[in-house]
Each structure stands twice: as C-alpha cells, then as structure tokens.
Amino acid sequence: MESIGNIILYFVVALIIAVFSVMTVTTRKILRAATYLLFVLLGTAVFYFQLGYEFLGAVQIAVYAGGILVLFVFSILLTQHPADPAAYLQAHRKFIGGIAAVSAAALMAVALFTFPLCDGVTLTEAIGGDIDMKEIGHYLLSSEKFGYLLPFEAISVLLLACIIGGITIARKK
C-alpha cells in the first residue's frame with residue numbers, strides 16, 4: 001500500500017511542477033514568475049525526499065529555492081519596478097520561440113541518449129545495467145574524463161559574478 005501512496009504523490013507533485021513551470025514562463029508579472037519558480041524548485045525537492053536523498057533535497061531547498069531565488073528577486077527589485085507587466089509577445093515571436101524550444105528539446109534528447117556518461121556507457125546502455133550511486137558521485141566530482149567538476153566550478157564563478165554585480169548595482173543607487 002505504501003508504494004501506491006508514493007506513486008500518487010509522484011503524479012501529484014509532477015502535475016504541480018508541470019503546471020507551475022508553464023505558469024512561470026507564461027505570466028507577464030516577473031515577481032509572480034519568480035514565485036511560481038519557487039514552487040517548481042520545492043516540487044523537485046519533494047522528488048529528492050521521496051527517493052530517499054534527504055541531503056540532496058535539503059540542498060535543493062537551501063541553495064536553489066532559498067539562495068538562487070532570493071538572488072533573482074533581489075536583482076528584479078533592483079533593476080525594474082515589479083508591478084509593471086511585461087509587454088505582450090507578437091505572434092511571430094511566439095512561433096519562433098516554439099520552434100527554438102522544440103529544436104532545443106530534440107537536441108538535448110539526442111545528446112542525452114548518445115553522450116557517454118560513465119565508463120563510456122550511454123544512457124540507453126545504462127538503463128539495462130547497474131550503475132551505483134558511489135560511481136555516479138565519483139564521476140560528478142572527478143576532474144578526469146567525463147568528470148563534471150569543471151562545470152560545477154564554472155557555475156560557482158558565475159554565481160559569484162552575479163552577486164558582485166547585484167552589490168555594484170545596489171551601491172550605485
């Protein structure tokens with residue numbers, strides 16, 4: 001009976017994430033978009049908790065739902081008046097955006113299923129095999145081939161630059 005509850009929770013949270021994701025990109029009020037993004041990030045944390053990754057769920061809440069979203073709201077309040085709605089998009093811009101989104105999704109799917117993840121094994125090959133969490137953690141934090149330490153460090157430098165830029169903008173006012 002517990003697994004049925006987990007499945008129901010999964011679909012409810014997945015529906016909430018899907019609805020708030022669409023609302024995030026379709027609303028014309030920027031602070032509402034940031035609030036909807038908060039719900040998406042919290043829903044992702046629920047998935048982590050449901051999978052038993054309590055630390056990852058706590059990091060999701062603390063870093064993304066807490067820190068990054070506060071940084072977004074801080075930069076929004078510094079750069080523009082939040083009550084002003086965004087301008088309506090013209091029909092041809094919506095069409096071009098839709099084509100770009102579908103193309104990007106197709107390109108990401110091809111890259112996801114053909115790029116080697118661990119030991120030269122692609123995602124389609126790994127679905128049938130066993131890769132444990134220790135091996136995934138090793139590859140995420142390694143600096144060897146197929147390691148992701150450099151992208152993590154690049155993101156930290158980018159976030160530091162955003163914080164410095166926000167402080168600089170705040171000091172000018």
# chains A, B, ... in the order shown; residues from 1 in each chain; ligands from 1
$ residues_around --residues "Val70 of chain A" --least-positions-apart "3" --cutoff "12 Å" --atoms "only C-alpha atoms" --output "number ranges by chain"
A: 31, 34-35, 37-38, 61-67, 73-77, 163, 166
$ residues_around --residues "segment 92-94 of chain A" --least-positions-apart "5" --cutoff "12 Å" --atoms "only C-alpha atoms" --output "list of chain:residue names"
A:Val25, A:Thr26, A:Ile99, A:Ala100, A:Ala101
$ write_last_selection --atoms "C-alpha atoms" --output "tab-separated table (two decimals), in the first residue's frame"
chain	number	residue	atom	x	y	z
A	25	VAL	CA	7.05	31.18	-18.43
A	26	THR	CA	3.60	32.47	-19.38
A	99	ILE	CA	10.38	26.23	-32.89
A	100	ALA	CA	13.51	27.05	-30.87
A	101	ALA	CA	12.13	25.21	-27.81
$ select_by_dssp --residues "chain A" --states "helix (DSSP H, G or I)" --output "PyMOL selection string"
chain A and resi 2-26+30-51+54-79+91-114+123-128+133-140+149-172
$ atom_distance --atom1 "atom CA of Ile17 of chain A" --atom2 "atom CA of Phe39 of chain A"
7.2 Å
$ residues_around --residues "Phe49 of chain A" --least-positions-apart "6" --cutoff "12 Å" --atoms "only C-alpha atoms" --output "ChimeraX atom specification"
/A:6,9-10,13,42-43,55-61
$ atom_distance --atom1 "atom CA of Gly98 of chain A" --atom2 "atom CA of Val22 of chain A"
13.2 Å
$ closest_residue --among "A:Ala106, A:Leu71, A:Ile8, A:Ile16" --to "Leu160 of chain A" --atoms "only C-alpha atoms"
A:Leu71
